[in-house]
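Trainee: Below: one structure in structure tokens.
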Amino acid sequence: MDYVLFLKDKFKMRRTHVINYLIKRHKYNKYLEIGVRDPLSTFKKIKCKNKDGVDPNPIGYCKYIMTSDQFFAKEVKDKMYDIVFIDGLHLYKQVVRDIENSLKYLSSKGTIVIHDCNPSCKESQCDSLKNRPSKWNGTVWKAFAFLRMTRKDLFMYVVNTDCGCGMINCY
């Protein structure tokens, strides 16, 4: 695996840079985004031939207006994705389900990217939907850590940028 070096002085690396790099590097064609919310923040910036988005309450265009659980139960069927970006409900149990479900529909050389794996402070790790701070990472990191400890078949690491981009590969 090759590594990309980004000079901190040149620009701030964001999740979209990471995802677009992977798409270009591996010639990925099928992208799924779980938790689109505002398509201008990530979805529209992704340069991939085929893109699907899932969100129960989007504030812009989203192909599948439903929860990720509903999507995986009813819509995905025989689709396979090369790259999946998970930025949905930031709670441990839901993130584990989103990762496990995404793995079922991930191509053999595919990658899952999970946002918010490296919260900047204790307050941003709130595990409640009520009274959460404006900068909310939730308990995403716990789901990532749990799977890293229990799934020896996965290659997992976190890129320390943009609140932590967790990476998962099956090879």
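Naming works like this for the structure tokens: A, B, ... for the chains as they're shown, residue 1 at the start of each chain, ligands 1 onward in shown order.
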Mind listing the helix (DSSP H, G or I) residues of chain A, per DSSP on the backbone, as a PDB file with C-alpha atoms, in the first residue's frame?
Mentor:
ATOM      1  CA  ARG A  15     -12.586  13.769   4.320  1.00  0.00           C
ATOM      2  CA  THR A  16     -13.423  14.633   0.708  1.00  0.00           C
ATOM      3  CA  HIS A  17      -9.707  14.673  -0.183  1.00  0.00           C
ATOM      4  CA  VAL A  18      -9.242  11.251   1.414  1.00  0.00           C
ATOM      5  CA  ILE A  19     -12.282   9.750  -0.346  1.00  0.00           C
ATOM      6  CA  ASN A  20     -11.465  11.265  -3.745  1.00  0.00           C
ATOM      7  CA  TYR A  21      -7.860  10.090  -3.462  1.00  0.00           C
ATOM      8  CA  LEU A  22      -9.032   6.520  -2.806  1.00  0.00           C
ATOM      9  CA  ILE A  23     -11.506   6.680  -5.722  1.00  0.00           C
ATOM     10  CA  LYS A  24      -8.806   7.862  -8.106  1.00  0.00           C
ATOM     11  CA  ARG A  25      -6.052   5.570  -6.776  1.00  0.00           C
ATOM     12  CA  HIS A  26      -8.152   2.390  -6.882  1.00  0.00           C
ATOM     13  CA  PHE A  43     -21.710  14.126  -1.330  1.00  0.00           C
ATOM     14  CA  LYS A  44     -21.503  16.734  -4.131  1.00  0.00           C
ATOM     15  CA  LYS A  45     -17.704  16.999  -3.718  1.00  0.00           C
ATOM     16  CA  SER A  68     -29.487   3.162   6.867  1.00  0.00           C
ATOM     17  CA  ASP A  69     -31.126   0.128   8.513  1.00  0.00           C
ATOM     18  CA  GLN A  70     -34.141   0.493   6.179  1.00  0.00           C
ATOM     19  CA  PHE A  71     -31.831   0.952   3.195  1.00  0.00           C
ATOM     20  CA  PHE A  72     -29.867  -2.216   3.893  1.00  0.00           C
ATOM     21  CA  ALA A  73     -33.046  -4.194   4.619  1.00  0.00           C
ATOM     22  CA  LYS A  74     -35.040  -3.077   1.549  1.00  0.00           C
ATOM     23  CA  GLU A  75     -33.071  -1.205  -1.096  1.00  0.00           C
ATOM     24  CA  TYR A  92     -21.860   3.214  18.931  1.00  0.00           C
ATOM     25  CA  LYS A  93     -24.518   0.573  18.170  1.00  0.00           C
ATOM     26  CA  GLN A  94     -25.673   2.270  14.963  1.00  0.00           C
ATOM     27  CA  VAL A  95     -22.123   2.744  13.677  1.00  0.00           C
ATOM     28  CA  VAL A  96     -21.343  -0.935  14.302  1.00  0.00           C
ATOM     29  CA  ARG A  97     -24.505  -1.879  12.340  1.00  0.00           C
ATOM     30  CA  ASP A  98     -23.621   0.522   9.516  1.00  0.00           C
ATOM     31  CA  ILE A  99     -20.116  -0.920   9.232  1.00  0.00           C
ATOM     32  CA  GLU A 100     -21.297  -4.556   9.416  1.00  0.00           C
ATOM     33  CA  ASN A 101     -24.023  -3.900   6.817  1.00  0.00           C
ATOM     34  CA  SER A 102     -21.606  -2.014   4.541  1.00  0.00           C
ATOM     35  CA  LEU A 103     -19.147  -4.909   4.654  1.00  0.00           C
ATOM     36  CA  LYS A 104     -21.826  -7.188   3.148  1.00  0.00           C
ATOM     37  CA  LYS A 122     -14.567  14.763  25.891  1.00  0.00           C
ATOM     38  CA  GLU A 123     -17.685  16.913  25.410  1.00  0.00           C
ATOM     39  CA  SER A 124     -17.900  16.065  21.700  1.00  0.00           C
ATOM     40  CA  GLN A 125     -18.163  12.354  22.636  1.00  0.00           C
ATOM     41  CA  VAL A 140     -18.132   6.619  16.618  1.00  0.00           C
ATOM     42  CA  TRP A 141     -14.620   5.970  17.943  1.00  0.00           C
ATOM     43  CA  LYS A 142     -15.942   3.261  20.284  1.00  0.00           C
ATOM     44  CA  ALA A 143     -17.486   1.357  17.374  1.00  0.00           C
ATOM     45  CA  PHE A 144     -14.247   1.610  15.413  1.00  0.00           C
ATOM     46  CA  ALA A 145     -12.180   0.455  18.413  1.00  0.00           C
ATOM     47  CA  PHE A 146     -14.574  -2.436  19.129  1.00  0.00           C
ATOM     48  CA  LEU A 147     -14.370  -3.746  15.566  1.00  0.00           C
ATOM     49  CA  ARG A 148     -10.611  -3.285  15.480  1.00  0.00           C
ATOM     50  CA  MET A 149     -10.323  -5.470  18.595  1.00  0.00           C
ATOM     51  CA  THR A 150     -12.801  -8.131  17.477  1.00  0.00           C
TER      52      THR A 150
END
Trainee: Residues at most 12 Å from region 50-56 of chain A, counting only C-alpha atoms, excluding those fewer than 2 positions away in the same chain, as an NGL selection string?
Mentor: :A and (23 or 28-39 or 42-48 or 58-72 or 75-76 or 79-89 or 98)
Trainee: For those residues, write N, CA and C atoms to a file as a compact mmCIF listing (two decimals), in the first residue's frame.
Mentor:
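What ended up in again_7.txt:
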# COMPACT_ATOMS: atom_id res chain seq x y z
N ILE A 23 -10.75 6.94 -4.49
CA ILE A 23 -11.51 6.68 -5.72
C ILE A 23 -10.57 6.71 -6.93
N TYR A 28 -12.18 3.35 -8.26
CA TYR A 28 -13.51 3.00 -7.77
C TYR A 28 -14.59 3.67 -8.62
N ASN A 29 -15.71 2.96 -8.82
CA ASN A 29 -16.83 3.48 -9.62
C ASN A 29 -18.14 3.61 -8.86
N LYS A 30 -18.25 2.93 -7.71
CA LYS A 30 -19.54 2.92 -6.99
C LYS A 30 -19.34 3.38 -5.55
N TYR A 31 -20.02 4.50 -5.22
CA TYR A 31 -19.87 5.17 -3.93
C TYR A 31 -21.22 5.20 -3.20
N LEU A 32 -21.17 4.90 -1.91
CA LEU A 32 -22.35 5.01 -1.05
C LEU A 32 -22.01 5.92 0.11
N GLU A 33 -22.89 6.89 0.38
CA GLU A 33 -22.72 7.76 1.54
C GLU A 33 -23.88 7.55 2.50
N ILE A 34 -23.57 7.15 3.71
CA ILE A 34 -24.57 6.96 4.77
C ILE A 34 -24.51 8.20 5.65
N GLY A 35 -25.62 8.94 5.68
CA GLY A 35 -25.67 10.18 6.46
C GLY A 35 -25.34 11.38 5.60
N VAL A 36 -26.05 11.56 4.52
CA VAL A 36 -25.78 12.67 3.60
C VAL A 36 -26.06 14.03 4.26
N ARG A 37 -27.16 14.14 4.95
CA ARG A 37 -27.64 15.39 5.57
C ARG A 37 -27.61 16.54 4.58
N ASP A 38 -26.53 17.29 4.50
CA ASP A 38 -26.39 18.38 3.54
C ASP A 38 -25.48 17.90 2.41
N PRO A 39 -26.02 17.66 1.21
CA PRO A 39 -25.20 17.12 0.12
C PRO A 39 -24.04 18.02 -0.30
N THR A 42 -20.32 17.01 1.66
CA THR A 42 -19.47 15.91 1.21
C THR A 42 -19.95 15.33 -0.13
N PHE A 43 -21.19 14.89 -0.19
CA PHE A 43 -21.71 14.13 -1.33
C PHE A 43 -21.42 14.77 -2.68
N LYS A 44 -21.70 16.04 -2.84
CA LYS A 44 -21.50 16.73 -4.13
C LYS A 44 -20.02 16.90 -4.48
N LYS A 45 -19.14 16.82 -3.49
CA LYS A 45 -17.70 17.00 -3.72
C LYS A 45 -16.99 15.71 -4.11
N ILE A 46 -17.71 14.60 -4.04
CA ILE A 46 -17.11 13.31 -4.36
C ILE A 46 -17.17 13.07 -5.87
N LYS A 47 -16.01 12.70 -6.44
CA LYS A 47 -15.88 12.51 -7.88
C LYS A 47 -15.88 11.02 -8.19
N CYS A 48 -17.09 10.48 -8.32
CA CYS A 48 -17.24 9.05 -8.60
C CYS A 48 -18.37 8.88 -9.61
N PRO A 58 -32.68 14.54 5.05
CA PRO A 58 -31.73 15.39 4.34
C PRO A 58 -32.26 16.82 4.17
N ILE A 59 -31.34 17.77 4.03
CA ILE A 59 -31.76 19.14 3.78
C ILE A 59 -31.52 19.52 2.31
N GLY A 60 -31.26 18.52 1.50
CA GLY A 60 -31.07 18.70 0.07
C GLY A 60 -31.35 17.37 -0.61
N TYR A 61 -30.95 17.25 -1.86
CA TYR A 61 -31.19 16.02 -2.61
C TYR A 61 -30.52 14.82 -1.94
N CYS A 62 -31.27 13.74 -1.88
CA CYS A 62 -30.76 12.46 -1.39
C CYS A 62 -31.59 11.37 -2.05
N LYS A 63 -30.95 10.41 -2.68
CA LYS A 63 -31.66 9.37 -3.42
C LYS A 63 -32.54 8.50 -2.52
N TYR A 64 -32.02 8.11 -1.36
CA TYR A 64 -32.75 7.24 -0.46
C TYR A 64 -33.05 7.98 0.84
N ILE A 65 -34.29 8.41 0.99
CA ILE A 65 -34.71 9.15 2.18
C ILE A 65 -35.29 8.12 3.17
N MET A 66 -34.39 7.59 3.97
CA MET A 66 -34.72 6.54 4.95
C MET A 66 -33.51 6.32 5.84
N THR A 67 -33.68 5.53 6.88
CA THR A 67 -32.54 5.21 7.74
C THR A 67 -31.62 4.22 7.01
N SER A 68 -30.41 4.13 7.47
CA SER A 68 -29.49 3.16 6.87
C SER A 68 -29.97 1.73 7.11
N ASP A 69 -30.58 1.47 8.25
CA ASP A 69 -31.13 0.13 8.51
C ASP A 69 -32.20 -0.22 7.49
N GLN A 70 -33.09 0.72 7.19
CA GLN A 70 -34.14 0.49 6.18
C GLN A 70 -33.52 0.28 4.80
N PHE A 71 -32.51 1.08 4.48
CA PHE A 71 -31.83 0.95 3.19
C PHE A 71 -31.24 -0.44 3.02
N PHE A 72 -30.49 -0.90 4.01
CA PHE A 72 -29.87 -2.22 3.89
C PHE A 72 -30.89 -3.35 3.90
N GLU A 75 -33.48 -1.82 0.16
CA GLU A 75 -33.07 -1.20 -1.10
C GLU A 75 -31.80 -1.75 -1.73
N VAL A 76 -30.84 -2.12 -0.93
CA VAL A 76 -29.51 -2.42 -1.48
C VAL A 76 -29.51 -3.70 -2.32
N LYS A 79 -26.73 -4.79 -5.01
CA LYS A 79 -25.72 -3.78 -5.30
C LYS A 79 -24.43 -4.07 -4.54
N MET A 80 -23.32 -3.66 -5.13
CA MET A 80 -22.02 -3.72 -4.47
C MET A 80 -21.41 -2.33 -4.62
N TYR A 81 -20.69 -1.91 -3.58
CA TYR A 81 -20.04 -0.60 -3.59
C TYR A 81 -18.54 -0.76 -3.45
N ASP A 82 -17.81 0.12 -4.11
CA ASP A 82 -16.35 0.12 -4.02
C ASP A 82 -15.88 0.91 -2.81
N ILE A 83 -16.62 1.94 -2.46
CA ILE A 83 -16.27 2.79 -1.34
C ILE A 83 -17.54 3.26 -0.64
N VAL A 84 -17.54 3.15 0.67
CA VAL A 84 -18.68 3.57 1.49
C VAL A 84 -18.17 4.59 2.50
N PHE A 85 -18.87 5.71 2.58
CA PHE A 85 -18.55 6.74 3.57
C PHE A 85 -19.66 6.75 4.61
N ILE A 86 -19.29 6.53 5.88
CA ILE A 86 -20.26 6.48 6.98
C ILE A 86 -20.12 7.73 7.83
N ASP A 87 -21.20 8.52 7.84
CA ASP A 87 -21.26 9.73 8.65
C ASP A 87 -22.72 9.95 9.08
N GLY A 88 -23.36 8.86 9.50
CA GLY A 88 -24.77 8.90 9.88
C GLY A 88 -24.96 9.18 11.36
N LEU A 89 -25.80 8.40 11.98
CA LEU A 89 -26.07 8.55 13.41
C LEU A 89 -24.82 8.16 14.18
N ASP A 98 -23.92 -0.05 10.83
CA ASP A 98 -23.62 0.52 9.52
C ASP A 98 -22.36 -0.09 8.92
Trainee: From a backbone DSSP assignment, name each residue in region 2-140 of chain A labelled strand (DSSP E or B), as a list in words.
Mentor: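 For region 2-140 of chain A, the strand (DSSP E or B) set is Lys30, Tyr31, Leu32, Glu33, Ile34, Asn50, Lys51, Asp52, Gly53, Val54, Tyr64, Tyr81, Asp82, Ile83, Val84, Phe85, Ile86, Leu106, Ser107, Ser108, Lys109, Gly110, Thr111, Ile112, Val113, Ile114 and His115 of chain A.
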Trainee: At what distance in Å, to one decimal, does CA of Thr111 (chain A) lie from CA of Met156 (chain A)?
Mentor: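 Calculated distance between CA of Met156 (chain A) and CA of Thr111 (chain A) is 10.0 Å.
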Trainee: Please determine, counting only C-alpha atoms, which residue among A:Cys121, A:Cys126, A:Ile168, A:Leu106 has the shortest atom-to-atom distance to Arg151 (chain A).
Mentor: A:Ile168
Trainee: Residues near Asp162 (chain A), anyone? I mean within 8 Å using only C-alpha atoms, not counting same-chain ones fewer than 3 positions away, as a VMD selection string.
Mentor: chain A and resid 13 to 15 115 to 116 165
Trainee: What does the distance from CA of Val113 (chain A) to CA of Ser134 (chain A) come to in Å, to one decimal?
Mentor: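 CA of Ser134 (chain A) lies at a distance of 22.3 Å from CA of Val113 (chain A).
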